[in-house]
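Here the structure is laid out as structure tokens; the discussion comes afterwards.
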Amino acid sequence: MILAAAQAHLEEWTQTAVLYVRPQAVNLLLGKERSFSFDISGRPFGAFWEGMTYRRGLDNRWMAKWSERRDGRRARQRRWLKPEEARSLLERAHRLAEAMRVKVLDGEARSLDGDPLMDEDRERLLPALDRILALDWEALEADRERFLKVYKPIGILPPDQYLALVLQATEGCWHNACTFCTFYRDRPFRVKSPAEFEAHIQAVLEFFGPAVVLRRTIFLGDANALVIPFPRLMELFEVMNRQLPIAPGGSETIGGAPWPSARSHRFSGVYSFIDAFNVHRKSVDQWRMLREGGLRRVYIGMESGDDGLLRFLNKPGTAADVVQAVQRLKEAGIAVSVIILLGAGGEAYFDAHVQGTVQAVNAMPLRGGDIIYFSEFVEQPGSAYIRLARATGIRPLDEDRIREQERLMRSGFRWQDPSSPPRISLYDIREFLY
Ligand code: SF4
């Protein structure tokens with residue numbers, strides 16, 4: 001949906017720029033190769049410029065992503081921008097926005113059909129550009145400080161939830177001892193009280209303001225918020241449902257024009273991580289009640305279907321726990337995502353990892369709406385895994401062997417309903433930013 005749009009030839013770039021104001025975001029395009037995206041408060045969140053994709057996190061860190069040919073295959077690359085590089089990219093976006101603003105003010109900008117702009121279009125285009133231009137580097141740095149006051153560092157999200165509204169019902173991870181994971185080492189696990197959670201939601205909504213409409217789902221953090229005992233978890237779901245309307249059945253509607261407010265925004269559902277070991281602590285009926293409270297998909301870091309490798313990773317539970325957890329969640333009508341750690345355990349566990357994982361996945365009632373993520377193992381500096389792996393002679397797999405492991409697993413998967421298979425996707429934790 002487009003609320004207003006304009007095009008204008010910009011002399012500085014000798015190209016035509018197009019501005020779209022949508023209910024959830026503003027897009028500024030220069031030709032086909034260059035673009036910037038902003039939320040409706042004017043915060044930049046993405047860009048494409050001469051073959052390079054950029055993402056900006058709310059902590060004002062920017063990542064550049066591109067692909068290049070290495071050893072005969074295309075490989076995705078990424079790096080964090082230095083502050084001066086990010087600042088220069090922002091200034092480029094602002095030069096473009098300012099040039100467009102002048103064109104709209106001077107009457108030189110046209111509708112996409114080439115007609116003069118209507119007053120009501122100008123009344124939507126100019127405030128959108130003003131909001132973008134108001135957020136210069138210093139303002140975005142101040143925004144980052146506000147963000148860091150509202151949230152504890154957000155360790156990781158599943159890739160389909162990078163644009164979720166994160167709510168931290170818990171802090172940290174109850175287990176916090178998997179040898180390969182360092183996401184939450186800086187904080188003890190704790191559960192927020194309903195009053196504290198309510199205050200957190202208020203602070204989150206104040207931080208996002210009207211730009212909350214960019215966030216279509218709610219992600220309940222941190223690492224495994226669903227381990228909260230059922231009575232307390234239901235209280236937290238009630239708090240959440242009082243403050244944030246969640247569309248029944250997972251549909252999403254955004255009402256209100258021209259600027260939908262947080263109140264008229266409907267979230268499509270609640271999403272969260274849990275470890276398989278804890279799923280059985282809630283009955284199918286209790287999971288159904290959580291689904292009625294908006295829970296749509298649960299992400300389980302299975303890592304491997306081989307119990308020996310799970311012990312090496314110090315992951316709680318067994319492959320059988322994951323299978324039973326998926327069965328229980330599916331019986332309650334909740335979708336699941338199972339995350340597999342490609343390359344974990346190196347050559348020593350290669351075959352067992354493939355066989356155990358294929359066997360476990362094939363025992364799960366997965367179907368359309370569920371997701372299998374292949375997450376490439378990344379050695380975290382300072383993790384116990386590195387010490388243990390070195391002590392036992394385990395080395396990281398090279399790219400060819402990782403792809404081979406993925407290929408073997410994929411070719412072994414058999415779906416219970418082949419007409420409705422789960423989606424299989426890649427999960428690169430190095431590309432996460434919020
Ligand atoms: S992998 Fe998950 S369960 Fe294990 S320590 Fe990290 S966050 Fe906790």
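Simple scheme: letters A, B, ... for chains in structure tokens order, numbers from 1 for residues in each chain, numbers from 1 for ligands in the order shown.
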Shell around Leu29 in chain A at 9 Å using only C-alpha atoms, local window under 5 positions removed, as a ChimeraX atom specification | /A:16-20,34-37
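Residues surrounding range 212-218 of chain A within 9 Å are Pro23, Gln24, Ala25, Asp39, Ile40, Gln161, Leu163, Ala164, Leu165, Val166, Leu167, Leu205, Phe207, Phe208, Gly209, Ile246, Glu252, Ile254, Pro260, Ser261, Ala262, His265, Arg266, Phe267, Ser268, Gly269, Val270, Tyr271 and Ser272 of chain A [only C-alpha atoms; sequence separation below 3 positions excluded].
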DSSP-assigned helix (DSSP H, G or I) among range 286-394 of chain A, expressed as a PyMOL selection string | chain A and resi 286-292+307-313+319-331+346-362+384-391
Once you count only C-alpha atoms and all ligand atoms, which residues end up within 12 Å of ligand 1, and could you hand them over as a ChimeraX atom specification?
-> /A:154-157,171-189,221-227,272-278,299-304,310-311,313-317,339-341,375,377,380,383-385,429
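Each of A:Ala247, A:Ile201, A:Ala391, A:Ala169 was compared to Ile228 in chain A using only C-alpha atoms, and A:Ala169 turns out to be the nearest.
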What separation in Å, quoted to one decimal, exists between CA of Lys282 in chain A and CA of Arg423 in chain A?
->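 Atom-to-atom, CA of Lys282 in chain A to CA of Arg423 in chain A, that is 26.5 Å.
Closest approach to Gln355 in chain A among A:Met409, A:Pro396, A:Leu329, A:Arg390: A:Met409, based on only C-alpha atoms.
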DSSP-assigned strand (DSSP E or B) members of range 241-434 of chain A, reported as an mmCIF file with N, CA, C and O atoms, in the first residue's frame:
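And here is the file that came out, states-v3.cif:
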```cif
data_model
loop_
_atom_site.group_PDB
_atom_site.id
_atom_site.type_symbol
_atom_site.label_atom_id
_atom_site.label_comp_id
_atom_site.auth_asym_id
_atom_site.auth_seq_id
_atom_site.Cartn_x
_atom_site.Cartn_y
_atom_site.Cartn_z
ATOM 1 N N ILE A 246 -3.302 -8.508 19.257
ATOM 2 C CA ILE A 246 -2.749 -9.586 18.432
ATOM 3 C C ILE A 246 -3.895 -10.158 17.606
ATOM 4 O O ILE A 246 -4.929 -10.539 18.150
ATOM 5 N N ILE A 254 -3.648 -3.966 9.400
ATOM 6 C CA ILE A 254 -3.174 -2.685 9.910
ATOM 7 C C ILE A 254 -4.188 -1.657 9.456
ATOM 8 O O ILE A 254 -4.362 -1.425 8.266
ATOM 9 N N HIS A 265 -2.655 -0.911 15.208
ATOM 10 C CA HIS A 265 -1.774 -1.916 14.623
ATOM 11 C C HIS A 265 -2.087 -3.261 15.251
ATOM 12 O O HIS A 265 -2.227 -3.362 16.458
ATOM 13 N N PHE A 267 -0.657 -7.081 15.706
ATOM 14 C CA PHE A 267 0.487 -7.974 15.515
ATOM 15 C C PHE A 267 -0.031 -9.336 15.054
ATOM 16 O O PHE A 267 -1.097 -9.778 15.494
ATOM 17 N N VAL A 270 2.747 -14.125 18.410
ATOM 18 C CA VAL A 270 3.878 -14.129 19.347
ATOM 19 C C VAL A 270 4.781 -15.313 18.990
ATOM 20 O O VAL A 270 4.292 -16.412 18.697
ATOM 21 N N TYR A 271 6.082 -15.088 19.027
ATOM 22 C CA TYR A 271 7.079 -16.070 18.618
ATOM 23 C C TYR A 271 8.151 -16.114 19.712
ATOM 24 O O TYR A 271 8.424 -15.098 20.342
ATOM 25 N N SER A 272 8.750 -17.272 19.905
ATOM 26 C CA SER A 272 9.734 -17.350 20.988
ATOM 27 C C SER A 272 10.583 -18.617 20.864
ATOM 28 O O SER A 272 10.182 -19.581 20.218
ATOM 29 N N PHE A 273 11.734 -18.588 21.512
ATOM 30 C CA PHE A 273 12.591 -19.772 21.607
ATOM 31 C C PHE A 273 12.186 -20.624 22.819
ATOM 32 O O PHE A 273 11.692 -20.103 23.817
ATOM 33 N N ILE A 274 12.457 -21.907 22.737
ATOM 34 C CA ILE A 274 12.464 -22.751 23.944
ATOM 35 C C ILE A 274 13.399 -23.925 23.666
ATOM 36 O O ILE A 274 13.606 -24.294 22.499
ATOM 37 N N LEU A 295 0.393 -17.220 20.773
ATOM 38 C CA LEU A 295 1.642 -17.915 20.431
ATOM 39 C C LEU A 295 1.476 -18.641 19.090
ATOM 40 O O LEU A 295 0.582 -19.473 18.937
ATOM 41 N N ARG A 296 2.340 -18.324 18.143
ATOM 42 C CA ARG A 296 2.185 -18.877 16.791
ATOM 43 C C ARG A 296 3.284 -19.864 16.417
ATOM 44 O O ARG A 296 3.023 -20.860 15.775
ATOM 45 N N ARG A 297 4.520 -19.531 16.733
ATOM 46 C CA ARG A 297 5.612 -20.453 16.363
ATOM 47 C C ARG A 297 6.663 -20.469 17.465
ATOM 48 O O ARG A 297 6.998 -19.416 18.025
ATOM 49 N N VAL A 298 7.173 -21.672 17.739
ATOM 50 C CA VAL A 298 8.195 -21.859 18.768
ATOM 51 C C VAL A 298 9.462 -22.353 18.080
ATOM 52 O O VAL A 298 9.408 -23.249 17.235
ATOM 53 N N TYR A 299 10.588 -21.766 18.407
ATOM 54 C CA TYR A 299 11.879 -22.102 17.789
ATOM 55 C C TYR A 299 12.688 -22.943 18.765
ATOM 56 O O TYR A 299 12.921 -22.533 19.901
ATOM 57 N N ILE A 300 13.069 -24.121 18.294
ATOM 58 C CA ILE A 300 13.821 -25.048 19.150
ATOM 59 C C ILE A 300 15.217 -25.242 18.579
ATOM 60 O O ILE A 300 15.376 -25.677 17.432
ATOM 61 N N GLY A 301 16.220 -24.896 19.365
ATOM 62 C CA GLY A 301 17.604 -25.149 18.938
ATOM 63 C C GLY A 301 17.917 -26.616 19.171
ATOM 64 O O GLY A 301 18.454 -26.985 20.214
ATOM 65 N N MET A 302 17.572 -27.465 18.192
ATOM 66 C CA MET A 302 17.865 -28.899 18.351
ATOM 67 C C MET A 302 19.369 -29.123 18.248
ATOM 68 O O MET A 302 19.928 -29.959 18.913
ATOM 69 N N GLU A 303 20.009 -28.377 17.374
ATOM 70 C CA GLU A 303 21.442 -28.459 17.066
ATOM 71 C C GLU A 303 21.779 -29.766 16.334
ATOM 72 O O GLU A 303 22.312 -29.744 15.251
ATOM 73 N N ALA A 335 2.945 -23.818 15.412
ATOM 74 C CA ALA A 335 3.986 -24.134 14.427
ATOM 75 C C ALA A 335 5.344 -24.199 15.133
ATOM 76 O O ALA A 335 5.526 -23.617 16.209
ATOM 77 N N VAL A 336 6.284 -24.900 14.525
ATOM 78 C CA VAL A 336 7.620 -25.007 15.129
ATOM 79 C C VAL A 336 8.688 -24.676 14.095
ATOM 80 O O VAL A 336 8.469 -24.764 12.887
ATOM 81 N N SER A 337 9.827 -24.300 14.622
ATOM 82 C CA SER A 337 11.020 -24.182 13.799
ATOM 83 C C SER A 337 12.121 -24.941 14.526
ATOM 84 O O SER A 337 12.299 -24.788 15.740
ATOM 85 N N VAL A 338 12.806 -25.797 13.783
ATOM 86 C CA VAL A 338 13.873 -26.605 14.369
ATOM 87 C C VAL A 338 15.200 -26.120 13.780
ATOM 88 O O VAL A 338 15.334 -26.008 12.560
ATOM 89 N N ILE A 339 16.145 -25.805 14.661
ATOM 90 C CA ILE A 339 17.421 -25.246 14.196
ATOM 91 C C ILE A 339 18.507 -26.317 14.300
ATOM 92 O O ILE A 339 18.696 -26.936 15.354
ATOM 93 N N ILE A 340 19.191 -26.540 13.193
ATOM 94 C CA ILE A 340 20.244 -27.569 13.108
ATOM 95 C C ILE A 340 21.589 -26.858 12.955
ATOM 96 O O ILE A 340 21.731 -25.944 12.134
ATOM 97 N N LEU A 341 22.550 -27.279 13.754
ATOM 98 C CA LEU A 341 23.860 -26.626 13.758
ATOM 99 C C LEU A 341 24.808 -27.371 12.814
ATOM 100 O O LEU A 341 25.447 -28.354 13.201
ATOM 101 N N LEU A 342 24.877 -26.882 11.585
ATOM 102 C CA LEU A 342 25.724 -27.537 10.578
ATOM 103 C C LEU A 342 27.194 -27.406 10.947
ATOM 104 O O LEU A 342 27.656 -26.313 11.286
ATOM 105 N N ILE A 371 9.410 -24.500 10.001
ATOM 106 C CA ILE A 371 10.668 -24.116 9.339
ATOM 107 C C ILE A 371 11.813 -24.964 9.902
ATOM 108 O O ILE A 371 11.909 -25.146 11.123
ATOM 109 N N ILE A 372 12.654 -25.436 9.013
ATOM 110 C CA ILE A 372 13.928 -26.023 9.449
ATOM 111 C C ILE A 372 15.020 -25.029 9.084
ATOM 112 O O ILE A 372 15.123 -24.613 7.922
ATOM 113 N N TYR A 373 15.787 -24.633 10.076
ATOM 114 C CA TYR A 373 16.905 -23.722 9.808
ATOM 115 C C TYR A 373 18.217 -24.489 9.868
ATOM 116 O O TYR A 373 18.478 -25.206 10.842
ATOM 117 N N PHE A 374 19.034 -24.311 8.850
ATOM 118 C CA PHE A 374 20.415 -24.772 8.897
ATOM 119 C C PHE A 374 21.270 -23.594 9.348
ATOM 120 O O PHE A 374 21.403 -22.603 8.632
ATOM 121 N N SER A 375 21.815 -23.714 10.530
ATOM 122 C CA SER A 375 22.650 -22.644 11.072
ATOM 123 C C SER A 375 24.101 -23.114 11.023
ATOM 124 O O SER A 375 24.456 -24.116 11.656
ATOM 125 N N GLU A 376 24.910 -22.417 10.263
ATOM 126 C CA GLU A 376 26.304 -22.822 10.123
ATOM 127 C C GLU A 376 27.043 -22.550 11.433
ATOM 128 O O GLU A 376 26.957 -21.446 11.974
ATOM 129 N N ARG A 423 9.338 -25.375 5.360
ATOM 130 C CA ARG A 423 10.334 -24.571 4.640
ATOM 131 C C ARG A 423 11.713 -24.897 5.213
ATOM 132 O O ARG A 423 11.850 -25.085 6.432
ATOM 133 N N ILE A 424 12.714 -24.948 4.343
ATOM 134 C CA ILE A 424 14.097 -25.126 4.816
ATOM 135 C C ILE A 424 14.865 -23.869 4.454
ATOM 136 O O ILE A 424 14.801 -23.402 3.310
ATOM 137 N N SER A 425 15.550 -23.311 5.412
ATOM 138 C CA SER A 425 16.189 -22.021 5.163
ATOM 139 C C SER A 425 17.530 -21.949 5.892
ATOM 140 O O SER A 425 17.796 -22.751 6.786
ATOM 141 N N LEU A 426 18.353 -20.976 5.504
ATOM 142 C CA LEU A 426 19.655 -20.818 6.153
ATOM 143 C C LEU A 426 19.570 -19.754 7.245
ATOM 144 O O LEU A 426 18.783 -18.812 7.150
ATOM 145 N N TYR A 427 20.384 -19.943 8.249
ATOM 146 C CA TYR A 427 20.367 -19.062 9.430
ATOM 147 C C TYR A 427 21.835 -18.716 9.682
ATOM 148 O O TYR A 427 22.611 -19.586 10.083
#
```
Within 10 Å of Gln7 in chain A using only C-alpha atoms, minus same-chain residues under 3 positions, as an MDAnalysis selection string = chainID A and resid 10 16:20 28:30 100 103:104 108:114 117
